[in-house]
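Step one of this worksheet: look at the structure below.
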There are 2 protein chains.
Amino acid sequence: MKGMPILAEKLDQVVDILKEAQIDCWLTFVRETAELADPCLKLISPSGVVWSSAFIFTAKGDRIVIAGKFDADAFQKSGLYTEIIEYIATPRDVLRKVLSRLNPKKIALNYSKSNTATDGLTYGMYLLLRDLLSDTPYVERFVSSDPIVRSLRGRKSKSELELIKAAIGTTEKMFGKVEEKLKMGRTEKEIADFLHSELKDKGLESAWDWDHCPIVNFGPDSPVGHAQPTLIELKPGHLVHIDFGVKQDGYCSDLQRVWYAKGKKEKSALGPIKKAFDTVVAAIQTAADNLKPGVLGYQIDSIARKVLTKAHYPEYQHALGHQLGRSAHDGGALLGPRWERYGESPTIPIEAHQVFTLELGIQTEAGYVGLEEDVVVTRNGCEFLSKPQTKLTYI
Amino acid sequence: MKGMPILAEKLDQVVDILKEAQIDCWLTFVRETAELADPCLKLISPSGVVWSSAFIFTAKGDRIVIAGKFDADAFQKSGLYTEIIEYIATPRDVLRKVLSRLNPKKIALNYSKSNTATDGLTYGMYLLLRDLLSDTPYVERFVSSDPIVRSLRGRKSKSELELIKAAIGTTEKMFGKVEEKLKMGRTEKEIADFLHSELKDKGLESAWDWDHCPIVNFGPDSPVGHAQPTLIELKPGHLVHIDFGVKQDGYCSDLQRVWYAKGKKEKSALGPIKKAFDTVVAAIQTAADNLKPGVLGYQIDSIARKVLTKAHYPEYQHALGHQLGRSAHDGGALLGPRWERYGESPTIPIEAHQVFTLELGIQTEAGYVGLEEDVVVTRNGCEFLSKPQTKLTYI
């Protein structure tokens, strides 16, 4: 089954993570995953399910699946679970029996106000679970699984890291091809269409939603952010900015690159453009120099932000970096400011083996200078997984 | 933008549905939809979002989007909303201001214990919403949006029905091609691989998860249900059963067909196989004869079930039919028994313009006789969208 080695690696991480989090039981409760799949599912299951299913992991090493009769086959075949229990009319009795036997002190459920990667339990399923366990002590023992999920998803296994590197490599090659297409008169949309055709040719998905991946900006009038490519044509004096990532074998890249379209008489970009570019490079490098296990995301974000403000540029209006993996935005600890909408994610200590983006930009009179690199946190620092852009490329 | 005509059709349905449901305000609250997307989103938005966003529809016709600065572009461009409000640090103030202005009596949120198509609000987002609205009267006004969503999703618009018909047509053609491949010695897996290659060739997705779509069963020893195709080889005396659907232009089909592999000396299938086949056909036809607006799903399920039990066959251990549309299991009213795991879905009155599967089967000594047809509910009854299989096909 595709992805089984990674699944085995992830399941092998669970017991240690439960112990560290001091949670004795983790329960993932899902149904109809073709319609809506808890993001945790891919970390713990070889297959989607139709009927309500419970995946129960304990700090003692239990790996129990309670699944509908017609869903159970994939779990049996995987050989990855210690117990597989099938039901037909309702999971009520078997679920109560299993919990009564395990008698966990805490039952971690997949919800989080700030981490989307954890927050896979729907409110209806939460209410259903309360119903199924009504009049038992277990409904009083629910806690958030966020400490478990953010570590399990954040700590990339060896195979996961290889796949992320491969996705980055593919993206860098595509950026190389894009460069050849950046001729005067081309529109943003043509460049986006070209990258889409590259994805289709290779049978790859975009790292985030198709219509907004890539983001392509030519010159100062192009809308920056989560906007679709326009019919603006490339002209001399334009900065070209592309934000793009691929999803390859289930893992994502996320990079931003910039080019400058010189006028005929220009030898190089004007001073203000160069200065903005160098400041962005310096901010990313300074952040990378300080990123290591144990630091808090907002500290790293603040270091990068200061590089900009010291050079008298406005602050960027987003986070410096997010985790990268199965999704372009992989959840958990964030290198971001302590703004309300980021919840607690900027204050979660950074761990080794997490993969982060480092990204920021400055608006100039020639367009947007935005760069984004991908790094992995090591035991003492971090390593670039992408080849950082440190020089402005001319076209 | 692809899908925009359907989006406009769906949004045009909202005011009437809110009035019928006697709910003055419907609020969809989502974030990071590339990771986890509320199934309602496609009915109301041309685009995914990254930051927390609120879609607010009122019975008076307001269509308000509160979205992060970098997400707002697609909403502006669509021209489908009456008001688009952008925020940067937190949606708290703008959300409170909008609700204070509307002062709704009820605020319908996307949760449901039994309908996955409604149940898109995560528990973390529910808690976040409560936080954002703390100390306001609005936290006491939350109700389930299920009456809204099940009607909005269930009542297929003209364009939606055309796309479902097209997906069914594609599937029927593929079944025709499969028939040519059903030679003695072929394995279940080879047939599944063939259908997968057909999907890839046409750039289509499977209607449900790839590994279990199609389901292929040769003979009596093949595991029935949500099981992967095996290496069992086709032999004379085997029944062939295939459960398959495609997702084409965002809409699904879901059909089951059976064939009988005659032995050299057999003129036709043995009596017991024929009897089982005819009983399955009769059960589906009887269900279709009784399906119309206003009936309850469990009544139709019971009618089909009785055709089997009267003929001394065991009852099928699933629902007779589910809705079909954007997903193979489209949620809402279900033609199923009143089992706990189906919640209230078998007791929701059937509405015109809903599309249902009718599916059931009987295990025989030669294998599984399972059929599944797709029908649309009309004003007075229902119409078959598929060409029903009424004769056992010999190979």
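Ordering of the structure tokens sets the chain letters (A, B, ...), residue numbers begin anew at 1 in every chain, and ligands are numbered from 1 in the order given.
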
Q: Using DSSP on the backbone coordinates, identify the residues of stretch 60-285 of chain A assigned to strand (DSSP E); present them as a PyMOL selection string.
A: chain A and resi 63-68+83-87+107-109+142-144+205-206+215-218+239-244+246-248+251-252+255-260

What are the nearest atom pairs, with distances in Å to one decimal, for all residues of chain B that come at most 6 Å from chain A, using only C-alpha atoms, set out by chain and rising residue number as JSON lines?
```
{"residue": "B:Phe70", "atom": "CA", "partner": "A:Gly225", "partner_atom": "CA", "distance": 4.6}
{"residue": "B:Asp71", "atom": "CA", "partner": "A:His226", "partner_atom": "CA", "distance": 5.2}
{"residue": "B:Asp73", "atom": "CA", "partner": "A:Ala227", "partner_atom": "CA", "distance": 5.5}
{"residue": "B:Ala89", "atom": "CA", "partner": "A:Trp339", "partner_atom": "CA", "distance": 5.8}
{"residue": "B:Thr90", "atom": "CA", "partner": "A:Arg341", "partner_atom": "CA", "distance": 5.1}
{"residue": "B:Tyr111", "atom": "CA", "partner": "A:Gly124", "partner_atom": "CA", "distance": 4.9}
{"residue": "B:Ser112", "atom": "CA", "partner": "A:Gly124", "partner_atom": "CA", "distance": 4.5}
{"residue": "B:Lys113", "atom": "CA", "partner": "A:Gly124", "partner_atom": "CA", "distance": 4.3}
{"residue": "B:Asp119", "atom": "CA", "partner": "A:Gly124", "partner_atom": "CA", "distance": 5.8}
{"residue": "B:Leu121", "atom": "CA", "partner": "A:Thr122", "partner_atom": "CA", "distance": 5.7}
{"residue": "B:Thr122", "atom": "CA", "partner": "A:Thr122", "partner_atom": "CA", "distance": 3.9}
{"residue": "B:Tyr123", "atom": "CA", "partner": "A:Tyr123", "partner_atom": "CA", "distance": 4.4}
{"residue": "B:Gly124", "atom": "CA", "partner": "A:Lys113", "partner_atom": "CA", "distance": 4.3}
{"residue": "B:Met125", "atom": "CA", "partner": "A:Lys113", "partner_atom": "CA", "distance": 5.9}
{"residue": "B:Leu128", "atom": "CA", "partner": "A:Lys113", "partner_atom": "CA", "distance": 5.6}
{"residue": "B:Gly225", "atom": "CA", "partner": "A:Phe70", "partner_atom": "CA", "distance": 4.6}
{"residue": "B:His226", "atom": "CA", "partner": "A:Phe70", "partner_atom": "CA", "distance": 4.7}
{"residue": "B:Ala227", "atom": "CA", "partner": "A:Asp73", "partner_atom": "CA", "distance": 5.5}
{"residue": "B:Trp339", "atom": "CA", "partner": "A:Ala89", "partner_atom": "CA", "distance": 5.8}
{"residue": "B:Glu340", "atom": "CA", "partner": "A:Thr90", "partner_atom": "CA", "distance": 5.7}
{"residue": "B:Arg341", "atom": "CA", "partner": "A:Thr90", "partner_atom": "CA", "distance": 5.1}
```

### Query
Out of stretch 110-298 of chain A, which residues get helix (DSSP H, G or I) from DSSP, as an MDAnalysis selection string?
chainID A and resid 123:132 137:140 146:154 158:181 188:202 210:212 271:290 297:298

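Pairwise distance (atom CA of B:Ile84, atom CA of A:Pro220) equals 24.0 Å.
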